[in-house]
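Engineer: What follows is work.csv, made up of CSV, C-alpha atoms and all ligand atoms:
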chain,number,residue,atom,x,y,z
A,1,MET,CA,0.0,0.0,0.0
A,2,ASN,CA,1.6,3.3,-1.0
A,3,HIS,CA,1.4,6.6,0.9
A,4,ILE,CA,-1.7,7.8,-0.8
A,5,GLU,CA,-3.6,4.6,-0.3
A,6,GLN,CA,-3.1,4.8,3.4
A,7,LEU,CA,-5.6,7.5,3.7
A,8,SER,CA,-8.7,6.3,5.5
A,9,SER,CA,-11.9,6.6,3.8
A,10,ASN,CA,-13.5,8.9,6.4
A,11,VAL,CA,-10.6,11.3,5.9
A,12,LEU,CA,-11.4,11.3,2.1
A,13,GLU,CA,-15.0,11.9,2.9
A,14,ALA,CA,-14.3,14.8,5.2
A,15,VAL,CA,-12.0,16.7,2.9
A,16,ARG,CA,-13.7,16.6,-0.4
A,17,GLU,CA,-14.4,20.3,-0.7
A,18,PRO,CA,-11.7,23.0,-0.3
A,19,SER,CA,-12.2,25.4,2.6
A,20,PRO,CA,-13.2,28.9,1.5
A,21,GLU,CA,-10.6,30.3,3.9
A,22,ALA,CA,-7.8,28.3,2.3
A,23,LEU,CA,-9.0,29.4,-1.1
A,24,ALA,CA,-8.9,33.1,0.0
A,25,ILE,CA,-5.3,32.7,1.4
A,26,CYS,CA,-4.1,31.3,-1.9
A,27,GLU,CA,-5.0,34.6,-3.6
A,28,LYS,CA,-2.2,36.3,-1.7
A,29,GLY,CA,0.3,36.0,-4.6
A,30,ASP,CA,3.3,34.6,-2.8
A,31,TYR,CA,4.1,31.0,-2.1
A,32,PRO,CA,6.1,31.2,1.1
A,33,ALA,CA,3.5,33.6,2.6
A,34,ILE,CA,0.6,31.3,1.5
A,35,ARG,CA,2.3,28.2,2.9
A,36,LYS,CA,3.0,29.9,6.2
A,37,GLU,CA,-0.6,31.2,6.7
A,38,LEU,CA,-2.2,27.8,5.7
A,39,GLU,CA,0.1,26.2,8.3
A,40,ASP,CA,-0.4,28.8,11.0
A,41,LYS,CA,-4.2,28.6,10.6
A,42,GLY,CA,-4.1,24.7,10.7
A,43,LEU,CA,-5.7,24.4,7.3
A,44,PHE,CA,-2.8,22.9,5.3
A,45,ALA,CA,-2.9,19.2,6.3
A,46,ALA,CA,-6.6,18.8,5.5
A,47,GLU,CA,-6.2,20.4,2.1
A,48,VAL,CA,-3.1,18.3,1.3
A,49,GLU,CA,-5.0,15.2,2.1
A,50,ARG,CA,-7.9,16.3,0.0
A,51,VAL,CA,-5.6,16.8,-3.0
A,52,LYS,CA,-3.9,13.5,-2.5
A,53,ALA,CA,-7.3,11.8,-2.4
A,54,LYS,CA,-8.3,13.6,-5.6
A,55,CYS,CA,-5.2,12.5,-7.4
A,56,LEU,CA,-5.7,8.9,-6.3
A,57,THR,CA,-9.2,8.7,-7.8
A,58,ALA,CA,-8.6,10.9,-10.8
A,59,ASP,CA,-8.8,9.7,-14.4
A,60,GLU,CA,-5.6,8.4,-15.9
A,61,LYS,CA,-4.5,11.8,-17.2
A,62,HIS,CA,-4.6,13.3,-13.7
A,63,ASN,CA,-3.7,10.4,-11.5
A,64,LEU,CA,-0.6,10.5,-9.4
A,65,LYS,CA,-0.8,7.1,-8.0
A,66,GLU,CA,2.6,6.1,-9.5
A,67,ALA,CA,4.3,9.3,-8.5
A,68,GLU,CA,5.7,7.8,-5.3
A,69,PHE,CA,8.6,10.2,-5.2
A,70,LEU,CA,6.4,13.0,-4.2
A,71,THR,CA,7.3,14.3,-0.7
A,72,GLU,CA,5.1,16.2,1.7
A,73,LYS,CA,6.7,19.4,0.5
A,74,ASP,CA,5.7,18.5,-3.1
A,75,TRP,CA,2.1,17.8,-2.1
A,76,GLN,CA,2.0,21.2,-0.4
A,77,ILE,CA,3.1,22.9,-3.6
A,78,LEU,CA,0.6,21.0,-5.7
A,79,THR,CA,-2.1,21.7,-3.2
A,80,VAL,CA,-1.6,25.5,-3.4
A,81,ILE,CA,-1.6,25.3,-7.2
A,82,GLU,CA,-4.9,23.3,-7.1
A,83,LEU,CA,-6.4,25.7,-4.7
A,84,TYR,CA,-5.4,28.7,-6.7
A,85,ASP,CA,-6.3,27.7,-10.3
A,86,ALA,CA,-7.9,24.4,-11.5
A,87,VAL,CA,-6.8,25.0,-15.1
A,88,THR,CA,-3.1,25.3,-14.1
A,89,PHE,CA,-3.4,22.3,-11.8
A,90,ASP,CA,-4.9,20.1,-14.6
A,91,HIS,CA,-2.2,21.4,-17.0
A,92,SER,CA,0.6,20.6,-14.6
A,93,LEU,CA,-0.6,17.0,-14.2
A,94,GLU,CA,-1.2,16.6,-17.9
A,95,THR,CA,2.3,17.9,-18.7
A,96,TYR,CA,3.8,15.3,-16.3
A,97,HIS,CA,1.8,12.5,-17.9
A,98,ILE,CA,2.6,13.6,-21.5
A,99,ALA,CA,6.3,13.8,-20.7
A,100,LYS,CA,6.4,10.6,-18.7
A,101,GLU,CA,4.7,8.6,-21.5
A,102,LYS,CA,7.1,10.0,-24.1
A,103,ILE,CA,10.4,9.4,-22.3
A,104,GLU,CA,9.5,5.8,-21.2
A,105,LYS,CA,8.5,4.5,-24.6
A,106,GLU,CA,10.8,3.3,-27.4
A,107,LEU,CA,11.1,6.0,-30.0
A,108,ASP,CA,12.9,5.9,-33.4
A,109,ASN,CA,16.1,3.9,-33.6
A,110,GLY,CA,15.2,2.2,-30.3
A,111,VAL,CA,15.9,5.4,-28.3
A,112,VAL,CA,14.3,5.4,-24.8
A,113,ILE,CA,14.9,8.9,-23.5
A,114,SER,CA,14.5,7.9,-19.8
A,115,ASN,CA,17.5,5.7,-20.2
A,116,LEU,CA,19.6,8.6,-21.6
A,117,ILE,CA,18.6,10.7,-18.6
A,118,LYS,CA,19.5,7.9,-16.2
A,119,GLU,CA,22.8,7.3,-17.9
A,120,GLU,CA,23.8,10.9,-17.3
A,121,GLY,CA,23.1,10.4,-13.6
A,122,VAL,CA,20.1,12.6,-13.5
A,123,SER,CA,17.2,11.3,-11.4
A,124,LEU,CA,13.9,11.0,-13.2
A,125,GLU,CA,12.3,12.4,-10.1
A,126,THR,CA,13.9,15.8,-10.8
A,127,PHE,CA,12.5,15.8,-14.3
A,128,TYR,CA,9.0,14.6,-13.2
A,129,ARG,CA,8.9,17.1,-10.3
A,130,SER,CA,9.8,19.9,-12.8
A,131,CYS,CA,6.9,18.9,-15.0
A,132,LEU,CA,4.5,19.0,-12.1
A,133,MET,CA,5.7,22.3,-10.7
A,134,HIS,CA,7.0,24.3,-13.7
A,135,ASP,CA,4.0,26.6,-13.5
A,136,VAL,CA,3.9,27.1,-9.7
A,137,GLY,CA,4.8,30.8,-10.4
A,138,LYS,CA,1.3,31.3,-11.8
A,139,ILE,CA,0.1,31.7,-8.2
A,140,SER,CA,1.9,35.1,-8.4
A,141,ILE,CA,-0.3,36.2,-11.3
A,142,PRO,CA,-3.5,37.9,-10.1
A,143,LYS,CA,-6.6,36.1,-11.3
A,144,PHE,CA,-7.8,39.0,-13.4
A,145,ILE,CA,-4.6,38.7,-15.4
A,146,LEU,CA,-4.3,34.9,-15.4
A,147,ASN,CA,-7.8,34.4,-16.6
A,148,ASN,CA,-8.1,37.4,-18.8
A,149,LYS,CA,-9.8,36.5,-22.0
A,150,ALA,CA,-8.4,39.4,-24.0
A,151,ASP,CA,-7.5,38.1,-27.5
A,152,VAL,CA,-4.0,37.7,-28.6
A,153,GLU,CA,-3.8,41.0,-30.3
A,154,ILE,CA,-5.0,43.0,-27.3
A,155,SER,CA,-3.0,40.9,-24.9
A,156,HIS,CA,0.2,41.8,-26.7
A,157,ARG,CA,-0.5,45.4,-27.4
A,158,SER,CA,-2.6,47.0,-24.6
A,159,ARG,CA,-1.1,47.9,-21.3
A,160,LEU,CA,-2.4,46.8,-18.0
A,161,LYS,CA,-3.2,50.5,-17.1
A,162,ASP,CA,-5.6,50.6,-20.0
A,163,LEU,CA,-7.2,47.2,-19.5
A,164,LEU,CA,-7.7,46.9,-15.8
A,165,THR,CA,-10.5,48.4,-13.8
A,166,ALA,CA,-9.7,50.8,-11.0
A,167,ASP,CA,-10.5,48.1,-8.4
A,168,GLN,CA,-8.2,45.7,-10.2
A,169,ILE,CA,-5.4,48.2,-10.2
A,170,ALA,CA,-5.9,48.9,-6.5
A,171,LYS,CA,-5.8,45.1,-5.8
A,172,LEU,CA,-2.7,44.7,-8.0
A,173,LEU,CA,-0.8,47.4,-6.0
A,174,GLU,CA,-1.9,45.8,-2.8
A,175,ILE,CA,-0.6,42.3,-3.6
A,176,ASP,CA,2.4,43.5,-5.5
A,177,PRO,CA,4.3,46.0,-3.4
A,178,ALA,CA,7.6,45.1,-5.1
A,179,GLY,CA,6.2,46.2,-8.5
A,180,LYS,CA,6.7,43.0,-10.5
A,181,PHE,CA,3.6,44.0,-12.5
A,182,SER,CA,4.3,47.5,-13.8
A,183,LEU,CA,1.1,49.0,-15.2
A,184,GLU,CA,3.0,49.6,-18.3
A,185,LYS,CA,3.2,45.9,-19.1
A,186,THR,CA,0.8,44.2,-21.5
A,187,ILE,CA,-1.1,41.1,-20.3
A,188,ALA,CA,1.3,38.9,-22.3
A,189,GLU,CA,4.3,40.5,-20.5
A,190,ALA,CA,2.6,40.3,-17.1
A,191,MET,CA,2.0,36.5,-17.7
A,192,GLN,CA,5.7,36.0,-18.4
A,193,VAL,CA,6.4,36.9,-14.8
A,194,HIS,CA,5.3,33.4,-13.8
A,195,GLU,CA,8.5,31.7,-15.3
A,196,SER,CA,10.9,33.6,-13.0
A,197,GLU,CA,8.4,33.2,-10.1
A,198,SER,CA,8.4,29.4,-10.6
A,199,LYS,CA,12.2,29.6,-10.4
A,200,ARG,CA,12.1,31.7,-7.3
A,201,TYR,CA,9.6,29.5,-5.4
A,202,LEU,CA,11.4,26.2,-6.4
A,203,GLU,CA,14.8,27.6,-5.3
A,204,GLY,CA,13.1,28.6,-2.1
A,205,GLU,CA,12.1,25.0,-1.5
A,206,GLY,CA,15.6,23.8,-2.2
A,207,TYR,CA,14.9,22.5,-5.6
A,208,ASN,CA,17.7,24.0,-7.6
A,209,ARG,CA,17.5,21.8,-10.7
A,210,GLU,CA,13.8,21.9,-10.9
A,211,ALA,CA,14.0,25.7,-10.6
A,212,PHE,CA,16.5,25.8,-13.4
A,213,LEU,CA,14.3,23.7,-15.7
A,214,ALA,CA,11.2,25.7,-14.8
A,215,SER,CA,13.1,28.9,-15.6
A,216,THR,CA,13.4,27.9,-19.2
A,217,HIS,CA,10.1,26.2,-19.9
A,218,HIS,CA,9.0,29.0,-22.1
A,219,ASN,CA,12.5,30.4,-22.4
A,220,TYR,CA,11.4,34.0,-22.3
A,221,GLY,CA,15.1,34.8,-21.6
A,222,ARG,CA,16.1,33.2,-24.9
A,223,VAL,CA,18.8,31.0,-23.3
A,224,ARG,CA,20.5,29.0,-26.0
A,225,ILE,CA,20.7,25.3,-25.5
A,226,GLU,CA,24.5,25.2,-25.4
A,227,GLU,CA,24.2,27.4,-22.3
A,228,MET,CA,21.7,25.1,-20.6
A,229,ARG,CA,23.7,23.2,-18.0
A,230,PHE,CA,22.5,22.6,-14.5
A,231,PRO,CA,24.1,25.1,-12.2
A,232,VAL,CA,26.2,24.0,-9.2
A,233,SER,CA,27.2,20.7,-10.5
A,234,HIS,CA,30.4,18.7,-10.3
A,235,THR,CA,29.4,16.3,-13.1
A,236,THR,CA,28.9,17.1,-16.7
A,237,LEU,CA,25.2,16.9,-17.0
A,238,HIS,CA,24.9,17.4,-20.7
A,239,ILE,CA,21.4,15.9,-20.7
A,240,SER,CA,20.1,19.1,-19.0
A,241,ASP,CA,19.5,20.8,-22.4
A,242,LYS,CA,17.6,17.8,-23.6
A,243,ILE,CA,15.5,17.6,-20.5
A,244,SER,CA,14.8,21.3,-20.8
A,245,THR,CA,13.5,20.7,-24.4
A,246,LEU,CA,11.4,17.8,-23.2
A,247,LEU,CA,9.7,19.9,-20.6
A,248,ARG,CA,9.1,22.6,-23.1
A,249,LEU,CA,7.6,20.2,-25.6
A,250,ALA,CA,5.3,18.5,-23.0
A,251,ASP,CA,4.2,21.9,-21.8
A,252,MET,CA,3.4,23.1,-25.3
A,253,GLU,CA,1.7,19.9,-26.2
A,254,SER,CA,-0.5,20.2,-23.1
A,255,ALA,CA,-1.2,23.9,-23.6
A,256,MET,CA,-2.2,23.2,-27.3
A,257,ARG,CA,-4.5,20.3,-26.3
A,258,GLN,CA,-6.2,22.6,-23.7
A,259,LYS,CA,-6.7,25.3,-26.3
A,260,ALA,CA,-8.0,22.8,-28.9
A,261,ARG,CA,-10.5,21.2,-26.6
A,262,PRO,CA,-12.5,19.1,-27.4
A,263,TYR,CA,-9.4,17.4,-28.6
A,264,LYS,CA,-10.9,14.4,-30.2
A,265,ASP,CA,-11.2,14.5,-34.0
A,266,ASP,CA,-8.3,13.7,-36.3
A,267,MET,CA,-8.4,17.2,-37.8
A,268,GLY,CA,-7.9,18.8,-34.4
A,269,LYS,CA,-5.1,16.5,-33.6
A,270,VAL,CA,-3.2,17.2,-36.8
A,271,LYS,CA,-3.8,20.9,-36.5
A,272,THR,CA,-2.4,20.9,-33.0
A,273,LEU,CA,0.7,19.1,-34.2
A,274,TYR,CA,1.1,21.4,-37.3
A,275,HIS,CA,1.0,24.5,-35.1
A,276,LEU,CA,3.4,23.0,-32.7
A,277,VAL,CA,5.8,22.3,-35.6
A,278,GLU,CA,5.4,25.9,-36.9
A,279,ASP,CA,6.3,27.3,-33.4
A,280,LEU,CA,9.2,24.9,-33.0
A,281,LYS,CA,10.9,25.8,-36.3
A,282,ALA,CA,11.6,29.4,-35.1
A,283,ASP,CA,12.9,28.1,-31.8
A,284,MET,CA,15.1,25.6,-33.6
A,285,ASP,CA,16.6,28.3,-35.9
A,286,ARG,CA,17.4,30.4,-32.8
A,287,GLY,CA,19.1,27.4,-31.1
A,288,LEU,CA,16.7,27.4,-28.2
A,289,ILE,CA,15.7,23.8,-28.3
A,290,ASP,CA,17.5,20.5,-28.8
A,291,PRO,CA,17.1,19.2,-32.4
A,292,MET,CA,17.4,15.5,-31.6
A,293,VAL,CA,14.8,15.4,-28.9
A,294,THR,CA,12.5,17.6,-30.9
A,295,GLU,CA,12.7,15.4,-34.0
A,296,LEU,CA,12.1,12.2,-31.9
A,297,TRP,CA,9.1,13.9,-30.2
A,298,ILE,CA,7.4,15.2,-33.4
A,299,SER,CA,8.1,12.0,-35.3
A,300,ASP,CA,6.4,10.0,-32.6
A,301,GLU,CA,3.4,12.3,-32.4
A,302,TYR,CA,3.1,12.1,-36.1
A,303,LYS,CA,3.1,8.3,-36.0
A,304,ILE,CA,0.4,8.3,-33.4
A,305,ARG,CA,-1.8,10.7,-35.3
A,306,HIS,CA,-1.2,8.9,-38.6
A,307,SER,CA,-2.1,5.5,-37.2
A,308,GLU,CA,-5.3,7.0,-35.7
A,309,ARG,CA,-6.2,8.6,-38.9
A,310,VAL,CA,-5.9,5.3,-40.8
A,311,LYS,CA,-7.9,3.5,-38.1
A,312,HIS,CA,-10.8,6.0,-38.1
A,313,GLY,CA,-10.9,7.0,-41.7
A,314,HIS,CA,-12.2,10.5,-42.4
A,315,GLY,CA,-15.4,11.8,-43.8
A,316,ALA,CA,-14.0,15.3,-44.6
A,317,SER,CA,-15.0,17.8,-47.2
A,318,VAL,CA,-12.7,18.4,-50.2
A,319,GLU,CA,-11.5,21.7,-48.6
A,320,GLU,CA,-10.9,20.0,-45.2
A,321,GLN,CA,-9.1,17.2,-46.9
A,322,ALA,CA,-6.8,19.6,-48.8
A,323,GLU,CA,-6.0,21.5,-45.5
A,324,PHE,CA,-5.4,18.2,-43.8
A,325,ASP,CA,-3.0,17.0,-46.5
A,326,MET,CA,-1.2,20.3,-46.5
A,327,MET,CA,-0.6,20.1,-42.8
A,328,ILE,CA,0.5,16.4,-43.0
A,329,GLY,CA,2.9,17.3,-45.8
A,330,LYS,CA,4.5,20.2,-43.8
A,331,ILE,CA,4.9,17.9,-40.7
A,332,GLU,CA,6.4,15.2,-42.8
A,333,GLN,CA,8.8,17.6,-44.5
A,334,PHE,CA,9.9,19.0,-41.1
A,335,ILE,CA,10.6,15.4,-39.8
A,336,LYS,CA,12.5,14.6,-43.0
A,337,GLU,CA,14.7,17.7,-42.9
A,338,GLN,CA,15.4,17.3,-39.2
A,339,LYS,CA,16.3,13.7,-39.6
A,340,GLY,CA,18.7,14.6,-42.3
A,341,LYS,CA,20.4,17.3,-40.2
A,342,ASN,CA,20.6,15.2,-37.1
A,343,GLU,CA,22.2,12.3,-39.0
A,344,LYS,CA,25.0,14.5,-40.2
A,401,FE,FE,4.3,28.3,-18.1
A,402,FE,FE,2.9,25.2,-18.4
How does the structure come out when it is put into structure tokens?
Ligand SMILES: [Fe+2]
Ligand SMILES: [Fe+2]
Structural biologist:
Amino acid sequence: MNHIEQLSSNVLEAVREPSPEALAICEKGDYPAIRKELEDKGLFAAEVERVKAKCLTADEKHNLKEAEFLTEKDWQILTVIELYDAVTFDHSLETYHIAKEKIEKELDNGVVISNLIKEEGVSLETFYRSCLMHDVGKISIPKFILNNKADVEISHRSRLKDLLTADQIAKLLEIDPAGKFSLEKTIAEAMQVHESESKRYLEGEGYNREAFLASTHHNYGRVRIEEMRFPVSHTTLHISDKISTLLRLADMESAMRQKARPYKDDMGKVKTLYHLVEDLKADMDRGLIDPMVTELWISDEYKIRHSERVKHGHGASVEEQAEFDMMIGKIEQFIKEQKGKNEK
């Protein structure tokens, strides 16, 4: 029986709903302060048990039954993410499952990425923990920014001072005395703050490697892959750039699946992959992601979608079929070109 299964059924019964007080505390925008207040008020243990129970009974995409490496500290972080924002919590779990599945399976040429990681002496726990916690910094982003539905154009052009209400601005100044969110920032720029906040919180918890990986999961700082080496290390952990790319890909894949929901038809799945490939091309040209891992990943995703397409058939219109074929063609071309480059 593992640590989660030891929960008694009456504890599960008692903690099914989050407490309103705990929910309010998680709006405070700073992880150490939230953790301290939840502890001081005696609310944390029950919430952590509730989240453990939830993850034990969740569907396969959100289940953490096999994540036996999670410590109490990890569960506390996950609990605060869950209390703060359900979408971020689901995305964090999905990122972990997507990444885990990909690194454990046999890819092209018999490559199993988890073996590469282990050969380099990096524990899989570090990577998995990074997947689960890469977005913990989102608890620093006020809800009215995090859940802002402004379209891409507005989010990139308009400044917070023009978009927020007077009440929201007052609230922002209250929870952000250090001024991380200048009112001159756009929503897109304000959202970027979460990457460095994830790093700060994970370092604060003593997770330096996880913090490092989280700090490049969008790579807003445009760190080139050759500079991606774990800090404070005696060993040559050359796998860190590959792990970083893996986290990035799993994160993008999950984010795209969330955007494309319901993610069920073949067209949606191919479109998602096509857009992923388009985004990755630019990153690849700038040297921001590892080409080998990216090729293995895309090639595997392509195979999965292609086999599903053959299995299901497709009753598409002529236009849809043409779009479908165009996207498949571009994906195939990308894989072919990358394979050629990587084999050199
Ligand atoms: Fe993120
Ligand atoms: Fe993410």
Engineer: Report, in Å with one decimal, the straight-line distance from CA of Tyr220 in chain A to CA of Ala188 in chain A.
Structural biologist: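 CA of Ala188 in chain A lies at a distance of 11.2 Å from CA of Tyr220 in chain A.
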Engineer: Can you pull out every residue with an atom within 9 Å of ligand FE 401 (chain A)? Use only C-alpha atoms and all ligand atoms and format it as a PDB file with C-alpha atoms, in the coordinates of the input.
Structural biologist:
ATOM      1  CA  THR A  88      -3.100  25.300 -14.100  1.00  0.00           C
ATOM      2  CA  HIS A 134       7.000  24.300 -13.700  1.00  0.00           C
ATOM      3  CA  ASP A 135       4.000  26.600 -13.500  1.00  0.00           C
ATOM      4  CA  VAL A 136       3.900  27.100  -9.700  1.00  0.00           C
ATOM      5  CA  GLY A 137       4.800  30.800 -10.400  1.00  0.00           C
ATOM      6  CA  LYS A 138       1.300  31.300 -11.800  1.00  0.00           C
ATOM      7  CA  MET A 191       2.000  36.500 -17.700  1.00  0.00           C
ATOM      8  CA  GLN A 192       5.700  36.000 -18.400  1.00  0.00           C
ATOM      9  CA  HIS A 194       5.300  33.400 -13.800  1.00  0.00           C
ATOM     10  CA  GLU A 195       8.500  31.700 -15.300  1.00  0.00           C
ATOM     11  CA  SER A 198       8.400  29.400 -10.600  1.00  0.00           C
ATOM     12  CA  ALA A 214      11.200  25.700 -14.800  1.00  0.00           C
ATOM     13  CA  HIS A 217      10.100  26.200 -19.900  1.00  0.00           C
ATOM     14  CA  HIS A 218       9.000  29.000 -22.100  1.00  0.00           C
ATOM     15  CA  ARG A 248       9.100  22.600 -23.100  1.00  0.00           C
ATOM     16  CA  ASP A 251       4.200  21.900 -21.800  1.00  0.00           C
ATOM     17  CA  MET A 252       3.400  23.100 -25.300  1.00  0.00           C
ATOM     18  CA  ALA A 255      -1.200  23.900 -23.600  1.00  0.00           C
TER      19      ALA A 255
END
Engineer: Mind checking which residues fall within 9 Å of Ala99 in chain A, counting all atoms listed in the file, ignoring those fewer than 2 positions away in the same chain, and posting them as a PyMOL selection string?
Structural biologist: chain A and resi 94-97+101-104+128+131+246-247+249-251
Engineer: Calculated over only C-alpha atoms and all ligand atoms, which of the candidates A:Tyr84, A:Trp75, A:Phe89, A:Trp297 has the smallest distance to ligand FE 402 (chain A)?
Structural biologist: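 Counting only C-alpha atoms and all ligand atoms, the residue closest to ligand FE 402 (chain A) is A:Phe89.
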Engineer: Determine, counting all atoms listed in the file, which protein, DNA and RNA residues have an atom within 12 Å of an atom of Ala45 in chain A; residues of the same chain fewer than 4 positions away are not included. Present the result as a ChimeraX atom specification.
Structural biologist: /A:11,15,18-19,22,35,38-41,49-52,72-73,75-76,79-80
Engineer: I'd like to know which of A:Ser215, A:Ser114, A:Gln168, A:Thr186 is closest to Asp151 in chain A, using all atoms listed in the file.
Structural biologist: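 Closest candidate: A:Thr186.
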Engineer: For ligand FE 402 (chain A), which residue out of A:Ile25, A:Val87, A:Ala53, A:Ile169 is the nearest one, using all atoms listed in the file?
Structural biologist: A:Val87
Engineer: Set the distance at 12 Å and use all atoms listed in the file: which residues neighbour Glu337 in chain A once local chain neighbours fewer than 5 positions away are removed? I'd like the list as a ChimeraX atom specification.
Structural biologist: /A:281,291-292,295,299,330-332,342-344
Engineer: A:Glu253, A:Gly29, A:Ile117, A:Ala150: which is nearest ligand FE 402 (chain A), counting all atoms listed in the file?
Structural biologist: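 For ligand FE 402 (chain A), the nearest of the candidates is A:Glu253.
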Engineer: One decimal, in Å: what's the spacing between CA of Ile139 in chain A and CA of Glu27 in chain A?
Structural biologist: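 Those two atoms sit 7.5 Å apart.
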Engineer: Would you compute the distance between CA of Val270 in chain A and CA of Ser254 in chain A? Give it in Å to one decimal.
Structural biologist: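 Result for CA of Val270 in chain A versus CA of Ser254 in chain A: 14.3 Å, one decimal.
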Engineer: Kindly extract all protein, DNA and RNA residues lying within 9 Å of the coordinates (-7.1, 16.7, -16.0) given in the file, considering only C-alpha atoms, and supply them as a ChimeraX atom specification.
Structural biologist: /A:58-63,86-87,89-94
Engineer: Under the rule that all atoms listed in the file are counted, which of A:Val223, A:Ala67, A:Met256, A:Val293 is the nearest residue to ligand FE 402 (chain A)?
Structural biologist: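 Among the listed residues, A:Met256 lies closest to ligand FE 402 (chain A).
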Engineer: In terms of the shortest atom-to-atom distance over all atoms listed in the file, which of A:Leu64, A:Leu116, A:Leu124, A:Leu213 is closest to ligand FE 402 (chain A)?
Structural biologist: A:Leu213
Engineer: Counting all atoms listed in the file, what is within 10 Å of Leu202 in chain A, bar same-chain residues fewer than 2 positions away, as a PyMOL selection string?
Structural biologist: chain A and resi 31+77+130+133-134+136-137+196-200+204-212+214-215
Engineer: For Glu278 in chain A, list every protein, DNA or RNA residue within 12 Å, evaluated using all atoms listed in the file, and leave out those in the same chain fewer than 5 positions away; present the list as a list in words.
Structural biologist: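 Once the adjacent positions are removed, what remains is Lys271, Thr272, Leu273, Asp283, Met284, Asp285, Ile298, Met327, Lys330, Ile331, Gln333 and Phe334 of chain A.
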Engineer: Save out the residues we just selected, C-alpha atoms, as a PDB file, in the coordinates of the input.
Structural biologist:
ATOM      1  CA  LYS A 271      -3.800  20.900 -36.500  1.00  0.00           C
ATOM      2  CA  THR A 272      -2.400  20.900 -33.000  1.00  0.00           C
ATOM      3  CA  LEU A 273       0.700  19.100 -34.200  1.00  0.00           C
ATOM      4  CA  ASP A 283      12.900  28.100 -31.800  1.00  0.00           C
ATOM      5  CA  MET A 284      15.100  25.600 -33.600  1.00  0.00           C
ATOM      6  CA  ASP A 285      16.600  28.300 -35.900  1.00  0.00           C
ATOM      7  CA  ILE A 298       7.400  15.200 -33.400  1.00  0.00           C
ATOM      8  CA  MET A 327      -0.600  20.100 -42.800  1.00  0.00           C
ATOM      9  CA  LYS A 330       4.500  20.200 -43.800  1.00  0.00           C
ATOM     10  CA  ILE A 331       4.900  17.900 -40.700  1.00  0.00           C
ATOM     11  CA  GLN A 333       8.800  17.600 -44.500  1.00  0.00           C
ATOM     12  CA  PHE A 334       9.900  19.000 -41.100  1.00  0.00           C
TER      13      PHE A 334
END
